[in-house]
$ cat run.tsv   # TSV, C-alpha atoms
chain	number	residue	atom	x	y	z
Q	283	GLN	CA	-10.92	-1.97	-14.44
Q	284	VAL	CA	-9.73	0.34	-11.68
Q	285	GLN	CA	-7.82	3.59	-11.45
Q	286	LEU	CA	-5.67	4.37	-8.45
Q	287	ALA	CA	-3.94	7.50	-7.17
Q	288	GLU	CA	-1.57	7.92	-4.26
Q	289	SER	CA	-1.08	11.02	-2.15
Q	290	GLY	CA	0.52	12.01	1.11
Q	291	GLY	CA	4.19	11.60	0.36
Q	292	GLY	CA	6.79	14.15	1.33
Q	293	LEU	CA	9.94	14.88	3.28
Q	294	VAL	CA	10.11	13.83	6.91
Q	295	GLN	CA	12.86	13.45	9.48
Q	296	SER	CA	13.98	10.08	10.75
Q	297	GLY	CA	11.58	8.88	13.44
Q	298	GLY	CA	8.70	10.86	12.00
Q	299	SER	CA	5.41	9.74	10.50
Q	300	LEU	CA	3.45	10.06	7.29
Q	301	ARG	CA	0.10	8.78	6.15
Q	302	LEU	CA	-0.28	7.79	2.54
Q	303	SER	CA	-3.65	7.58	0.84
Q	304	CYS	CA	-4.65	5.47	-2.11
Q	305	THR	CA	-7.87	6.55	-3.77
Q	306	TYR	CA	-9.33	4.05	-6.19
Q	307	SER	CA	-12.17	4.43	-8.62
Q	308	ARG	CA	-14.57	1.58	-9.15
Q	309	PHE	CA	-16.50	0.81	-12.28
Q	310	THR	CA	-18.58	-1.86	-10.57
Q	311	VAL	CA	-20.08	-2.25	-7.10
Q	312	ASP	CA	-17.12	-4.38	-6.06
Q	313	HIS	CA	-14.26	-3.09	-3.99
Q	314	TYR	CA	-10.72	-4.25	-4.53
Q	315	ASP	CA	-8.02	-5.80	-2.49
Q	316	ILE	CA	-5.27	-3.16	-2.36
Q	317	GLY	CA	-1.55	-3.41	-1.79
Q	318	TRP	CA	1.21	-0.92	-1.07
Q	319	PHE	CA	4.61	-1.27	-2.68
Q	320	ARG	CA	7.74	0.84	-2.89
Q	321	GLN	CA	10.78	1.14	-5.07
Q	322	ALA	CA	14.01	2.85	-4.16
Q	323	PRO	CA	16.56	3.90	-6.79
Q	324	GLY	CA	18.56	0.92	-7.98
Q	325	LYS	CA	16.49	-1.53	-5.99
Q	326	ALA	CA	13.75	-3.99	-6.83
Q	327	ARG	CA	10.14	-3.22	-6.08
Q	328	GLU	CA	9.20	-4.29	-2.57
Q	329	LYS	CA	5.77	-5.41	-1.42
Q	330	LEU	CA	4.94	-3.74	1.88
Q	331	SER	CA	1.36	-4.42	2.87
Q	332	CYS	CA	-1.94	-5.68	1.49
Q	333	ILE	CA	-5.52	-5.49	2.69
Q	334	SER	CA	-8.52	-7.42	1.50
Q	335	THR	CA	-11.93	-5.91	0.91
Q	336	LYS	CA	-13.08	-7.41	4.21
Q	337	ASN	CA	-10.09	-6.01	6.12
Q	338	ILE	CA	-9.16	-9.36	7.62
Q	339	ARG	CA	-5.58	-10.26	8.57
Q	340	PRO	CA	-3.59	-7.77	6.45
Q	341	TYR	CA	-0.19	-8.73	5.10
Q	342	TYR	CA	2.94	-6.88	6.21
Q	343	ALA	CA	6.50	-7.30	5.06
Q	344	ASP	CA	9.00	-7.92	7.83
Q	345	SER	CA	10.72	-4.63	7.00
Q	346	VAL	CA	7.66	-2.61	8.01
Q	347	LYS	CA	5.87	-4.86	10.49
Q	348	GLY	CA	5.17	-2.98	13.71
Q	349	ARG	CA	5.84	0.42	12.10
Q	350	PHE	CA	3.32	0.61	9.25
Q	351	THR	CA	-0.43	0.06	9.45
Q	352	ILE	CA	-2.75	-0.46	6.51
Q	353	SER	CA	-6.44	0.40	6.74
Q	354	ARG	CA	-9.31	1.16	4.46
Q	355	ASP	CA	-12.48	3.20	4.26
Q	356	ASN	CA	-14.77	1.39	1.85
Q	357	ALA	CA	-17.36	4.14	2.02
Q	358	SER	CA	-14.80	6.55	0.55
Q	359	ASP	CA	-12.85	4.10	-1.63
Q	360	ILE	CA	-9.59	4.94	0.14
Q	361	VAL	CA	-6.84	2.74	1.52
Q	362	TYR	CA	-4.35	4.26	3.93
Q	363	LEU	CA	-0.81	3.41	4.90
Q	364	GLN	CA	0.16	4.92	8.24
Q	365	MET	CA	3.93	4.97	8.47
Q	366	ASN	CA	5.52	5.55	11.87
Q	367	ARG	CA	9.13	5.54	13.08
Q	368	LEU	CA	10.35	6.20	9.58
Q	369	LYS	CA	13.97	5.48	8.73
Q	370	PRO	CA	16.20	6.83	5.94
Q	371	GLU	CA	16.02	3.38	4.31
Q	372	ASP	CA	12.27	3.90	3.87
Q	373	THR	CA	13.04	6.54	1.24
Q	374	ALA	CA	11.41	5.42	-2.00
Q	375	VAL	CA	8.54	5.98	-4.39
Q	376	TYR	CA	5.46	4.40	-2.88
Q	377	TYR	CA	2.77	2.85	-5.05
Q	378	CYS	CA	-0.61	1.31	-4.48
Q	379	ALA	CA	-2.04	-1.37	-6.71
Q	380	ALA	CA	-5.02	-3.62	-7.04
Q	381	VAL	CA	-4.03	-7.03	-5.74
Q	382	LEU	CA	-5.47	-10.45	-5.13
Q	383	VAL	CA	-5.37	-11.49	-1.49
Q	384	VAL	CA	-5.41	-15.21	-0.72
Q	385	MET	CA	-5.57	-16.44	2.84
Q	386	THR	CA	-4.15	-19.80	3.76
Q	387	ASP	CA	-2.09	-20.24	6.89
Q	388	LYS	CA	-0.56	-16.95	5.72
Q	389	THR	CA	-1.93	-13.94	3.92
Q	390	LEU	CA	-0.63	-13.88	0.37
Q	391	CYS	CA	-1.11	-11.12	-2.15
Q	392	SER	CA	0.05	-10.26	-5.64
Q	393	PRO	CA	-0.72	-7.55	-8.19
Q	394	ILE	CA	-3.60	-8.31	-10.52
Q	395	ASP	CA	-2.70	-6.30	-13.60
Q	396	ASP	CA	0.28	-4.26	-14.77
Q	397	ASP	CA	-2.04	-1.36	-15.52
Q	398	TRP	CA	-3.81	-1.30	-12.17
Q	399	TRP	CA	-1.24	0.83	-10.38
Q	400	GLY	CA	-1.10	4.38	-9.17
Q	401	GLN	CA	1.48	6.87	-10.38
Q	402	GLY	CA	3.44	6.79	-7.13
Q	403	THR	CA	4.25	9.28	-4.40
Q	404	GLN	CA	7.76	10.12	-3.21
Q	405	VAL	CA	8.67	9.58	0.43
Q	406	THR	CA	12.01	10.96	1.59
Q	407	VAL	CA	13.27	10.37	5.11
Q	408	SER	CA	16.20	12.50	6.19
Q	409	SER	CA	18.68	11.36	8.80
$ encode --input "run.tsv" --output "structure tokens"
Amino acid sequence: QVQLAESGGGLVQSGGSLRLSCTYSRFTVDHYDIGWFRQAPGKAREKLSCISTKNIRPYYADSVKGRFTISRDNASDIVYLQMNRLKPEDTAVYYCAAVLVVMTDKTLCSPIDDDWWGQGTQVTVSS
């Protein structure tokens, strides 16, 4: 079981930056693979980025590749999403979730459990 909480959202102008944090609580000695997702009004949830516990070859969606960077601090149980060159179309509620990362010729990731999600943080990018 894991509990997650996002922070760092807010209002920013187009071209600006934000850093989101996902703090997760562990009930065992194991860390978790963590993913970032977002959902805009009227749109489907979109998977943005995932990072394994070993921080090897993170996954990025094409929509954020080159602009967003995922990282983690295992000592503090925090996963970050640095978002640069933000666009109005990045406006959404951003969520982190525990995921399973599988590495083949690509990095694949998917949520583990419907309950292992944070509550979300709003990101609004003004034009």
$ residues_around --input "run.tsv" --residues "range 352-362 of chain Q" --least-positions-apart "4" --cutoff "7 Å" --atoms "all atoms listed in the file" --output "ChimeraX atom specification"
/Q:301-306,331,333
$ closest_residue --input "run.tsv" --among "Q:Ser392, Q:Thr310, Q:Val381, Q:Gln295" --to "Thr406 in chain Q" --atoms "only C-alpha atoms"
Q:Gln295
$ residues_around --input "run.tsv" --residues "Lys325 in chain Q" --least-positions-apart "2" --cutoff "12 Å" --atoms "all atoms listed in the file" --output "PyMOL selection string"
chain Q and resi 320-323+327-328+371+373-375
$ residues_around --input "run.tsv" --residues "Gly297 in chain Q" --least-positions-apart "6" --cutoff "7 Å" --atoms "all atoms listed in the file" --output "JSON, numbers by chain"
{"Q": [367, 368, 369]}
$ atom_distance --input "run.tsv" --atom1 "CA of Gln401 in chain Q" --atom2 "CA of Cys332 in chain Q"
17.6 Å
$ atom_distance --input "run.tsv" --atom1 "CA of Val284 in chain Q" --atom2 "CA of Tyr342 in chain Q"
23.1 Å
$ residues_around --input "run.tsv" --residues "Gly400 in chain Q" --least-positions-apart "4" --cutoff "7 Å" --atoms "only C-alpha atoms" --output "list in words"
Leu286, Ala287, Glu288, Tyr377, Cys378 and Ala379 of chain Q
$ residues_near_point --input "run.tsv" --point "(-11.4, -2.4, -16.4)" --cutoff "9 Å" --atoms "all atoms listed in the file" --output "ChimeraX atom specification"
/Q:283-285,308-309,398
